[in-house]
>>> print(open('final20.txt').read())   # compact mmCIF, C-alpha atoms
# COMPACT_ATOMS: atom_id res chain seq x y z
CA MET K 1 110.71 72.05 70.58
CA LYS K 2 108.00 69.76 69.21
CA PHE K 3 104.71 68.90 70.85
CA SER K 4 102.30 66.00 70.38
CA THR K 5 98.58 66.63 69.85
CA GLN K 6 97.91 65.97 73.54
CA GLU K 7 100.66 68.34 74.69
CA PHE K 8 99.48 70.98 72.25
CA LEU K 9 95.88 70.78 73.46
CA SER K 10 96.84 71.16 77.09
CA LEU K 11 99.35 73.95 76.33
CA SER K 12 96.79 75.98 74.46
CA GLY K 13 93.80 74.98 76.58
CA MET K 14 91.58 73.99 73.71
CA GLY K 15 89.47 70.95 72.85
CA HIS K 16 90.00 68.41 70.12
CA ASP K 17 86.97 69.56 68.10
CA THR K 18 88.21 73.14 68.02
CA LEU K 19 91.61 71.95 66.85
CA THR K 20 90.05 69.90 64.05
CA ALA K 21 87.98 72.90 62.96
CA TRP K 22 90.98 75.23 62.97
CA ILE K 23 93.06 72.80 60.94
CA GLU K 24 90.20 72.48 58.43
CA GLU K 25 90.10 76.26 58.12
CA GLU K 26 93.92 76.17 57.67
CA TRP K 27 94.30 78.54 60.62
CA LEU K 28 96.72 75.96 61.97
CA ILE K 29 99.05 73.83 59.86
CA PRO K 30 100.66 71.17 62.06
CA GLY K 31 103.60 69.09 60.91
CA GLY K 32 103.96 65.33 61.05
CA SER K 33 101.45 62.86 59.63
CA VAL K 34 97.66 62.84 59.88
CA ALA K 35 97.83 59.98 62.36
CA GLU K 36 100.53 61.63 64.45
CA MET K 37 100.56 65.39 64.16
CA SER K 38 103.43 67.41 65.52
CA PHE K 39 103.23 71.00 66.73
CA SER K 40 105.92 73.58 67.35
CA GLU K 41 106.10 76.73 69.43
CA ILE K 42 104.86 78.90 66.58
CA ASP K 43 101.66 76.81 66.45
CA VAL K 44 101.12 77.35 70.18
CA ALA K 45 101.66 81.10 69.82
CA ARG K 46 99.37 81.23 66.78
CA ALA K 47 96.62 79.38 68.66
CA ARG K 48 96.94 81.94 71.45
CA LEU K 49 96.69 84.76 68.92
CA ILE K 50 93.49 83.23 67.47
CA ARG K 51 92.08 82.93 70.99
CA ASP K 52 92.96 86.58 71.66
CA LEU K 53 91.25 87.63 68.45
CA GLN K 54 88.09 85.70 69.30
CA MET K 55 87.82 86.28 73.03
CA ASP K 56 89.58 89.57 73.72
CA LEU K 57 88.88 91.42 70.51
CA GLY K 58 85.49 89.91 69.73
CA VAL K 59 86.40 88.97 66.16
CA ASN K 60 84.05 86.41 64.60
CA ASP K 61 85.19 83.36 62.63
CA GLU K 62 85.00 85.08 59.25
CA GLY K 63 87.07 87.94 60.61
CA VAL K 64 89.72 85.62 62.06
CA GLY K 65 90.32 84.09 58.61
CA VAL K 66 90.69 87.51 57.00
CA ILE K 67 93.02 88.79 59.73
CA LEU K 68 95.23 85.69 59.63
CA ASN K 69 95.58 85.93 55.86
CA LEU K 70 96.58 89.60 56.04
CA LEU K 71 98.90 88.97 59.00
CA ASP K 72 100.64 86.14 57.14
CA GLN K 73 101.27 88.52 54.26
CA LEU K 74 102.48 91.23 56.63
CA TYR K 75 104.92 88.85 58.32
CA GLY K 76 106.00 87.54 54.92
CA ILE K 77 106.84 91.05 53.79
CA ARG K 78 108.63 91.76 57.05
CA SER K 79 110.89 88.75 56.75
CA THR K 80 111.63 89.56 53.10
CA LEU K 81 112.47 93.11 54.13
CA THR K 82 114.84 91.68 56.71
CA GLU K 83 116.45 89.53 54.01
CA LEU K 84 116.67 92.52 51.69
CA ARG K 85 118.37 94.60 54.35
CA GLU K 86 120.93 91.82 54.66
CA VAL K 87 121.47 91.64 50.89
CA VAL K 88 121.85 95.42 50.63
CA ARG K 89 124.25 95.50 53.53
CA THR K 90 126.48 92.75 52.21
CA THR K 91 126.60 93.95 48.59
CA ARG K 92 127.37 97.56 49.35
CA MET H 1 100.82 99.95 88.58
CA LYS H 2 98.48 102.75 87.67
CA ASP H 3 94.78 102.76 88.32
CA PRO H 4 93.17 100.17 86.01
CA TYR H 5 90.22 102.47 85.23
CA GLU H 6 92.65 105.19 84.22
CA ILE H 7 94.60 102.76 82.02
CA LEU H 8 91.42 101.74 80.21
CA GLY H 9 90.22 105.36 80.08
CA VAL H 10 86.83 104.77 81.71
CA ALA H 11 85.07 106.10 84.79
CA ARG H 12 84.98 103.98 87.93
CA THR H 13 81.23 103.75 87.44
CA ALA H 14 81.48 102.34 83.90
CA SER H 15 79.30 99.32 83.16
CA ALA H 16 80.81 95.94 82.32
CA GLU H 17 79.86 96.48 78.67
CA ASP H 18 81.60 99.85 78.58
CA LEU H 19 84.69 98.33 80.15
CA GLN H 20 84.78 95.59 77.55
CA LYS H 21 84.27 98.10 74.77
CA ALA H 22 87.08 100.29 76.04
CA TYR H 23 89.38 97.31 76.41
CA ARG H 24 88.64 95.96 72.95
CA LYS H 25 89.21 99.34 71.38
CA LEU H 26 92.67 99.57 72.94
CA ALA H 27 93.54 95.91 72.38
CA LYS H 28 92.74 96.17 68.67
CA LYS H 29 95.25 98.97 68.39
CA LEU H 30 97.90 97.50 70.69
CA HIS H 31 97.88 93.70 70.43
CA PRO H 32 101.59 92.90 69.83
CA ASP H 33 100.84 90.40 67.06
CA LEU H 34 98.95 93.07 65.13
CA ASN H 35 101.90 95.45 65.64
CA PRO H 36 104.96 93.39 64.76
CA GLY H 37 107.31 96.36 64.44
CA ASN H 38 106.19 98.27 67.49
CA ALA H 39 108.17 97.39 70.61
CA GLU H 40 106.12 99.76 72.74
CA ALA H 41 102.87 98.01 71.87
CA GLU H 42 103.79 94.96 73.92
CA GLU H 43 104.38 96.98 77.10
CA LYS H 44 101.18 98.93 76.65
CA PHE H 45 99.17 95.84 75.82
CA LYS H 46 100.48 94.11 78.93
CA GLU H 47 99.25 97.05 80.94
CA ILE H 48 95.75 97.20 79.51
CA ALA H 49 95.37 93.41 79.54
CA GLY H 50 96.39 93.38 83.20
CA ALA H 51 93.93 96.17 83.97
CA TYR H 52 91.14 94.33 82.19
CA ASP H 53 92.00 91.04 83.91
CA LEU H 54 91.33 92.89 87.14
CA VAL H 55 88.24 95.03 86.53
CA GLY H 56 86.81 93.01 83.64
CA ASP H 57 86.06 90.21 86.11
CA ALA H 58 82.99 91.13 88.18
CA GLU H 59 84.25 89.46 91.33
CA LYS H 60 87.77 90.85 91.20
CA ARG H 61 86.37 94.26 90.33
CA LYS H 62 84.21 94.25 93.46
CA LYS H 63 87.19 93.33 95.60
CA PHE H 64 89.33 95.99 93.96
CA ASP H 65 86.63 98.67 94.41
CA ASN H 66 86.34 97.74 98.08
CA GLY H 67 90.10 98.05 98.46
CA GLU H 68 90.50 94.35 99.29
CA ILE H 69 93.05 93.84 96.51
CA ASP H 70 95.24 96.36 94.74
CA ALA H 71 96.52 96.64 91.20
CA ALA H 72 99.98 95.39 92.11
CA GLY H 73 100.95 92.22 90.32
CA ALA H 74 97.95 92.44 88.04
CA GLU H 75 100.13 92.84 84.98
CA ARG H 76 100.03 89.84 82.74
CA PRO H 77 103.32 87.99 82.80
CA ARG H 78 105.37 88.24 79.65
CA GLN H 79 104.44 85.60 77.15
CA LYS H 80 105.83 84.57 73.80
CA TYR H 81 103.81 86.24 71.12
CA TYR H 82 103.16 84.98 67.63
CA ARG H 83 105.25 87.82 66.25
CA ASP H 84 108.31 86.45 68.09
CA PHE H 85 108.16 83.39 65.84
CA ALA H 86 106.62 84.70 62.65
CA SER H 87 109.17 87.50 62.27
CA SER H 88 112.16 85.26 62.79
CA ASP H 89 113.73 84.00 59.62
CA GLN H 90 113.03 80.36 60.35
CA ASP H 91 110.88 78.57 57.88
CA HIS H 92 107.34 78.05 59.02
CA PRO H 93 104.21 76.89 57.22
CA TYR H 94 102.44 80.24 57.63
CA ALA H 95 104.96 82.31 55.66
CA ASN H 96 103.19 83.99 52.77
CA ASN H 97 105.00 85.97 50.11
CA SER H 98 102.03 86.53 47.87
CA GLY H 99 101.88 90.16 48.93
CA PHE H 100 104.73 91.17 46.60
CA THR H 101 105.32 88.42 44.05
CA ASP H 102 104.29 90.92 41.36
CA PHE H 103 107.35 93.01 42.29
CA MET H 104 109.66 90.12 41.53
CA ASP H 105 108.53 89.78 37.93
CA SER H 106 109.76 93.15 36.74
CA GLU H 107 113.23 93.87 35.34
CA ASP H 108 114.45 96.65 37.60
CA GLY H 109 117.12 96.55 40.29
CA PHE H 110 114.64 96.16 43.08
CA ALA H 111 113.21 93.01 41.54
CA GLU H 112 116.75 91.69 41.18
CA LEU H 113 117.36 92.29 44.87
CA LEU H 114 114.15 90.48 45.76
CA ARG H 115 115.10 87.52 43.58
CA ARG H 116 118.54 87.40 45.13
CA SER H 117 117.06 87.36 48.62
CA ALA H 118 114.71 84.56 47.57
CA ARG H 119 117.75 82.60 46.38
CA ALA H 120 119.55 83.30 49.64
CA GLN H 121 116.51 81.96 51.44
CA ALA H 122 116.64 78.83 49.31
CA ASN H 123 120.17 78.04 50.54
CA ARG H 124 119.84 78.92 54.15
CA ARG H 125 121.63 77.11 56.93
CA GLY H 126 119.36 75.19 59.29
CA HIS H 127 118.62 76.83 62.60
CA ASP H 128 120.21 75.92 65.89
CA LEU H 129 118.30 73.64 68.23
CA GLU H 130 118.52 74.14 71.97
CA TYR H 131 118.42 71.39 74.56
CA ARG H 132 118.88 71.10 78.30
CA LEU H 133 120.87 68.23 79.71
CA PRO H 134 120.85 67.46 83.43
CA ILE H 135 123.99 65.71 84.65
CA GLU H 136 125.24 64.48 88.00
CA PHE H 137 127.73 66.49 90.05
CA VAL H 138 130.34 63.80 89.72
CA GLU H 139 129.93 63.77 85.92
CA ALA H 140 130.52 67.51 85.82
CA ILE H 141 133.87 67.11 87.60
CA ALA H 142 135.12 63.93 85.97
CA GLY H 143 133.52 64.32 82.54
CA ALA H 144 131.12 61.83 80.96
CA ASN H 145 129.57 60.61 77.76
CA LYS H 146 125.82 61.20 77.72
CA ARG H 147 123.16 60.28 75.26
CA LEU H 148 120.32 62.73 74.76
CA THR H 149 117.06 61.33 73.41
CA LEU H 150 115.33 63.92 71.26
CA PRO H 151 111.56 64.40 71.08
CA ASP H 152 111.50 62.73 67.67
CA GLY H 153 113.12 59.60 69.09
CA SER H 154 116.57 60.10 67.60
CA THR H 155 119.60 60.37 69.86
CA LEU H 156 122.50 62.73 70.26
CA ASP H 157 125.80 61.71 71.86
CA VAL H 158 127.28 64.42 74.02
CA ALA H 159 130.80 64.32 75.44
CA ILE H 160 130.77 66.28 78.71
CA PRO H 161 134.24 67.75 79.27
CA ALA H 162 135.62 67.38 82.79
CA GLY H 163 135.14 70.46 84.96
CA ILE H 164 132.07 71.83 83.18
CA THR H 165 130.10 74.42 85.14
CA GLU H 166 126.39 75.05 85.61
CA GLY H 167 124.73 76.73 82.64
CA GLN H 168 127.66 76.19 80.28
CA VAL H 169 126.48 75.62 76.72
CA LEU H 170 128.02 72.93 74.51
CA ARG H 171 127.81 73.44 70.77
CA LEU H 172 127.58 70.37 68.56
CA ARG H 173 128.30 71.55 65.05
CA GLY H 174 125.96 70.32 62.37
CA LYS H 175 123.60 68.59 64.80
CA GLY H 176 120.83 71.16 64.52
CA ALA H 177 117.98 71.46 62.07
CA PRO H 178 118.59 70.77 58.37
CA GLY H 179 118.95 73.82 56.14
CA SER H 180 117.43 74.35 52.74
CA GLY H 181 119.30 73.82 49.44
CA LYS H 182 123.05 73.98 50.05
CA GLY H 183 122.53 75.59 53.46
CA GLY H 184 123.76 72.72 55.61
CA PHE H 185 122.74 71.87 59.15
CA GLY H 186 122.52 74.22 62.11
CA ASP H 187 124.10 73.42 65.46
CA ALA H 188 122.75 71.76 68.57
CA LEU H 189 123.21 73.93 71.64
CA ILE H 190 123.17 71.96 74.86
CA GLU H 191 122.82 73.77 78.13
CA VAL H 192 124.18 71.74 81.01
CA GLU H 193 122.34 71.63 84.30
CA ILE H 194 124.25 70.12 87.20
CA ARG H 195 122.19 68.27 89.78
CA PRO H 196 123.23 69.06 93.35
CA ASP H 197 125.08 66.26 95.13
CA ARG H 198 124.25 64.96 98.60
CA SER H 199 127.85 65.05 99.74
CA PHE H 200 129.94 67.25 97.47
CA THR H 201 129.71 70.99 96.94
CA ARG H 202 131.84 73.08 94.64
CA GLN H 203 133.38 76.51 94.93
CA GLY H 204 135.29 77.49 91.82
CA ASP H 205 137.71 74.66 91.11
CA ASP H 206 137.65 73.37 94.67
CA ILE H 207 135.37 70.69 96.03
CA TYR H 208 134.15 70.48 99.60
CA LEU H 209 133.07 67.39 101.46
CA GLU H 210 132.01 66.91 105.05
CA LEU H 211 133.28 63.60 106.40
CA PRO H 212 132.19 61.96 109.66
CA VAL H 213 135.03 60.31 111.66
CA THR H 214 134.94 58.30 114.86
CA LEU H 215 136.19 59.64 118.15
CA THR H 216 139.04 57.13 118.00
CA GLU H 217 140.11 58.24 114.51
CA ALA H 218 140.04 61.87 115.61
CA VAL H 219 141.97 61.39 118.83
CA LEU H 220 144.54 58.86 117.70
CA GLY H 221 144.77 59.64 113.99
CA ALA H 222 144.03 57.18 111.18
CA ARG H 223 144.27 56.46 107.49
CA ILE H 224 140.77 56.47 106.07
CA LYS H 225 139.14 56.09 102.67
CA VAL H 226 137.62 59.24 101.17
CA LEU H 227 135.45 59.53 98.08
CA THR H 228 136.40 62.04 95.42
CA PRO H 229 134.45 62.57 92.17
CA THR H 230 137.17 60.64 90.38
CA GLY H 231 137.26 57.70 92.80
CA ALA H 232 138.23 56.79 96.36
CA VAL H 233 141.61 57.76 97.84
CA THR H 234 143.28 57.14 101.19
CA MET H 235 143.77 60.15 103.43
CA ALA H 236 145.71 60.55 106.66
CA VAL H 237 143.71 62.00 109.53
CA PRO H 238 146.31 63.48 111.89
CA LYS H 239 146.30 62.69 115.55
CA GLY H 240 144.20 65.19 117.53
CA SER H 241 141.87 66.19 114.67
CA ASN H 242 138.60 67.87 115.55
CA THR H 243 135.17 68.66 114.18
CA GLY H 244 135.80 71.42 111.67
CA THR H 245 139.37 70.38 110.91
CA MET H 246 139.89 70.99 107.20
CA LEU H 247 142.15 68.60 105.32
CA ARG H 248 143.28 69.16 101.76
CA LEU H 249 143.52 66.56 99.01
CA LYS H 250 145.74 68.34 96.54
CA GLY H 251 144.70 68.17 92.89
CA LYS H 252 141.48 66.27 93.56
CA GLY H 253 139.24 69.19 92.61
CA ALA H 254 137.80 70.19 89.25
CA PRO H 255 140.10 70.71 86.26
CA ASN H 256 140.74 74.41 85.63
CA HIS H 257 141.61 76.44 82.57
CA ALA H 258 145.28 76.58 83.46
CA GLY H 259 145.46 72.83 82.85
CA GLY H 260 145.74 71.98 86.53
CA HIS H 261 143.18 70.90 89.06
CA GLY H 262 141.59 72.49 92.09
CA ASP H 263 141.73 70.74 95.45
CA GLN H 264 139.26 68.74 97.46
CA PHE H 265 138.77 69.99 101.00
CA VAL H 266 137.54 67.53 103.56
CA LYS H 267 135.91 68.95 106.66
CA LEU H 268 135.92 66.47 109.53
CA LYS H 269 132.96 65.90 111.78
CA VAL H 270 133.64 63.88 114.91
CA MET H 271 130.80 61.50 115.69
CA LEU H 272 130.16 59.70 118.96
CA PRO H 273 128.89 56.12 118.71
CA LYS H 274 125.17 55.98 117.92
CA GLU H 275 124.32 53.96 121.01
CA PRO H 276 125.45 55.16 124.47
CA ASP H 277 128.56 53.17 125.41
CA PRO H 278 129.09 52.21 129.10
CA GLU H 279 132.85 51.83 128.63
CA LEU H 280 133.13 55.31 127.15
CA GLU H 281 130.94 56.76 129.92
CA ALA H 282 133.11 55.12 132.58
CA PHE H 283 136.25 56.50 130.97
CA ILE H 284 134.88 60.01 130.56
CA SER H 285 133.66 60.24 134.17
CA GLY H 286 137.17 59.45 135.30
CA TRP H 287 138.78 61.84 132.78
CA GLU H 288 139.69 64.89 134.88
CA SER H 289 140.96 67.35 132.25
CA GLY H 290 137.79 66.72 130.24
CA LYS H 291 135.89 68.64 132.92
CA THR H 292 138.01 71.76 132.75
CA TYR H 293 138.63 72.71 129.11
CA ASN H 294 136.20 75.28 127.69
CA PRO H 295 135.22 74.93 124.01
CA ARG H 296 132.86 77.90 124.34
CA GLU H 297 135.57 80.43 125.18
CA ALA H 298 135.18 82.27 121.90
CA VAL H 299 131.39 82.09 121.86
CA ALA H 300 129.62 85.13 123.28
CA THR H 301 127.07 84.11 125.89
>>> encode(input="final20.txt", output="structure tokens")
Amino acid sequence: MKFSTQEFLSLSGMGHDTLTAWIEEEWLIPGGSVAEMSFSEIDVARARLIRDLQMDLGVNDEGVGVILNLLDQLYGIRSTLTELREVVRTTR
Amino acid sequence: MKDPYEILGVARTASAEDLQKAYRKLAKKLHPDLNPGNAEAEEKFKEIAGAYDLVGDAEKRKKFDNGEIDAAGAERPRQKYYRDFASSDQDHPYANNSGFTDFMDSEDGFAELLRRSARAQANRRGHDLEYRLPIEFVEAIAGANKRLTLPDGSTLDVAIPAGITEGQVLRLRGKGAPGSGKGGFGDALIEVEIRPDRSFTRQGDDIYLELPVTLTEAVLGARIKVLTPTGAVTMAVPKGSNTGTMLRLKGKGAPNHAGGHGDQFVKLKVMLPKEPDPELEAFISGWESGKTYNPREAVAT
């Protein structure tokens, strides 16, 4: 499932300026070209997470960057652990 | 649903600030995306988020305190969380392995395992892509060739097998997302959605159709044209047919697994002419036995 910039903005209820700022911060990394960006479901879910962090949890912008970086590492380790489990299982 | 104040662990008299503080404290601990491995967190978070949606809003809180609304249905509907995507093994731009690259550089068995898993990742098959394809009733019975236009503008040709049923999923091998390295393509999974038809309905392999006939055709019998999903056929309406008479067209239903076909059942509906007809009225008023038979015998009054 891929979304255009317009679809993404309405799905995540945010404005164009916010999106530009988030992309500059590398909080969001859309696919496609600069002229025609393309978003997937993980981008929508990530935007919602950032909103939750800001609105619900009261995290400020600096904090959001730190949390996202740590979360990305956490999820990276989790998926490698999943891979490892697979490798261990198949080589036993 | 439990009492929202109880869920948030505050007194009913708590100020809006205290409510927010209590909510944030719980949400920090329980937000599903901050707890990727904790299945329970999502349920609990849903509960506290629902409670806060209710009493965190001054207006709703007033209504709730006055008993005008209750906590039922206040739970936030299930949504897709970031963790649902980030934990899956699909490639995404946010994946970050920097947290353990130092482990990979050593010479022990663990590092070897890590390197092997990195290689496996490099040759992974592409993931499956899911689509929905609405088709017409007739196409589901007779089969069809459809072309699906994908969001990126490319197209996918789908052969609909005759007799397909609602919700059936067609798998097109190798038409999914590209893999990495020698991984090859994933599959396209196409879920078929059958649009209801104005005339035909289906029960199992059999097809039902209600067909209006004239009074003359019903009384005297006739050969009439009937539509089936695979084309028109001629059917004999026997003399003395009635509204509700069910006629069977053998083998004109949907194909079944046994290699045969179901049947099409045609239910007749006798229709008088649209405009009142003086000739018919004159005949009926002189038709004696028409005044004595009772079609409502079986109907309780």
>>> interface_residues(input="final20.txt", of="chain H", to="chain K", cutoff="10 Å", atoms="all atoms listed in the file", output="ChimeraX atom specification")
/H:20-21,23-28,31-37,49,52,79-90,92-100,110,113-118,120-121,129-131,150-152
>>> atom_distance(input="final20.txt", atom1="CA of Arg147 in chain H", atom2="CA of Gly186 in chain H")
19.2 Å
>>> residues_around(input="final20.txt", residues="Gly13 in chain K", least_positions_apart="4", cutoff="12 Å", atoms="only C-alpha atoms", output="NGL selection string")
:K and (5-9 or 18-19 or 44 or 47-48 or 51)
>>> axis_aligned_box(input="final20.txt", around="range 231-245 of chain H", padding_each_side="8 Å", output="JSON")
{"center_x": 140.7, "center_y": 64.1, "center_z": 105.2, "size_x": 27.1, "size_y": 30.6, "size_z": 40.7}
>>> atom_distance(input="final20.txt", atom1="CA of Leu172 in chain H", atom2="CA of Leu189 in chain H")
6.4 Å
>>> atom_distance(input="final20.txt", atom1="CA of Asp70 in chain H", atom2="CA of Ser15 in chain H")
19.9 Å
>>> residues_around(input="final20.txt", residues="Pro229 in chain H", least_positions_apart="3", cutoff="8 Å", atoms="only C-alpha atoms", output="short mmCIF file (atom, residue, chain, number, x, y, z; two decimals) with C-alpha atoms, keeping the file's coordinate frame")
data_model
loop_
_atom_site.label_atom_id
_atom_site.label_comp_id
_atom_site.auth_asym_id
_atom_site.auth_seq_id
_atom_site.Cartn_x
_atom_site.Cartn_y
_atom_site.Cartn_z
CA VAL H 138 130.34 63.80 89.72
CA GLU H 139 129.93 63.77 85.92
CA ILE H 141 133.87 67.11 87.60
CA ALA H 142 135.12 63.93 85.97
#
>>> closest_residue(input="final20.txt", among="H:Thr292, H:Lys252, H:Val213, H:Val233", to="Lys269 in chain H", atoms="all atoms listed in the file")
H:Val213
>>> closest_residue(input="final20.txt", among="H:Ala254, H:Ala282, H:Leu156, H:Ala298", to="Ala188 in chain H", atoms="all atoms listed in the file")
H:Leu156
>>> residues_around(input="final20.txt", residues="Ala159 in chain H", least_positions_apart="3", cutoff="8 Å", atoms="all atoms listed in the file", output="list in words")
Gly143, Ala144, Asn145 and Lys146 of chain H
>>> residues_around(input="final20.txt", residues="Ile224 in chain H", least_positions_apart="6", cutoff="7 Å", atoms="only C-alpha atoms", output="PyMOL selection string")
chain H and resi 234-236
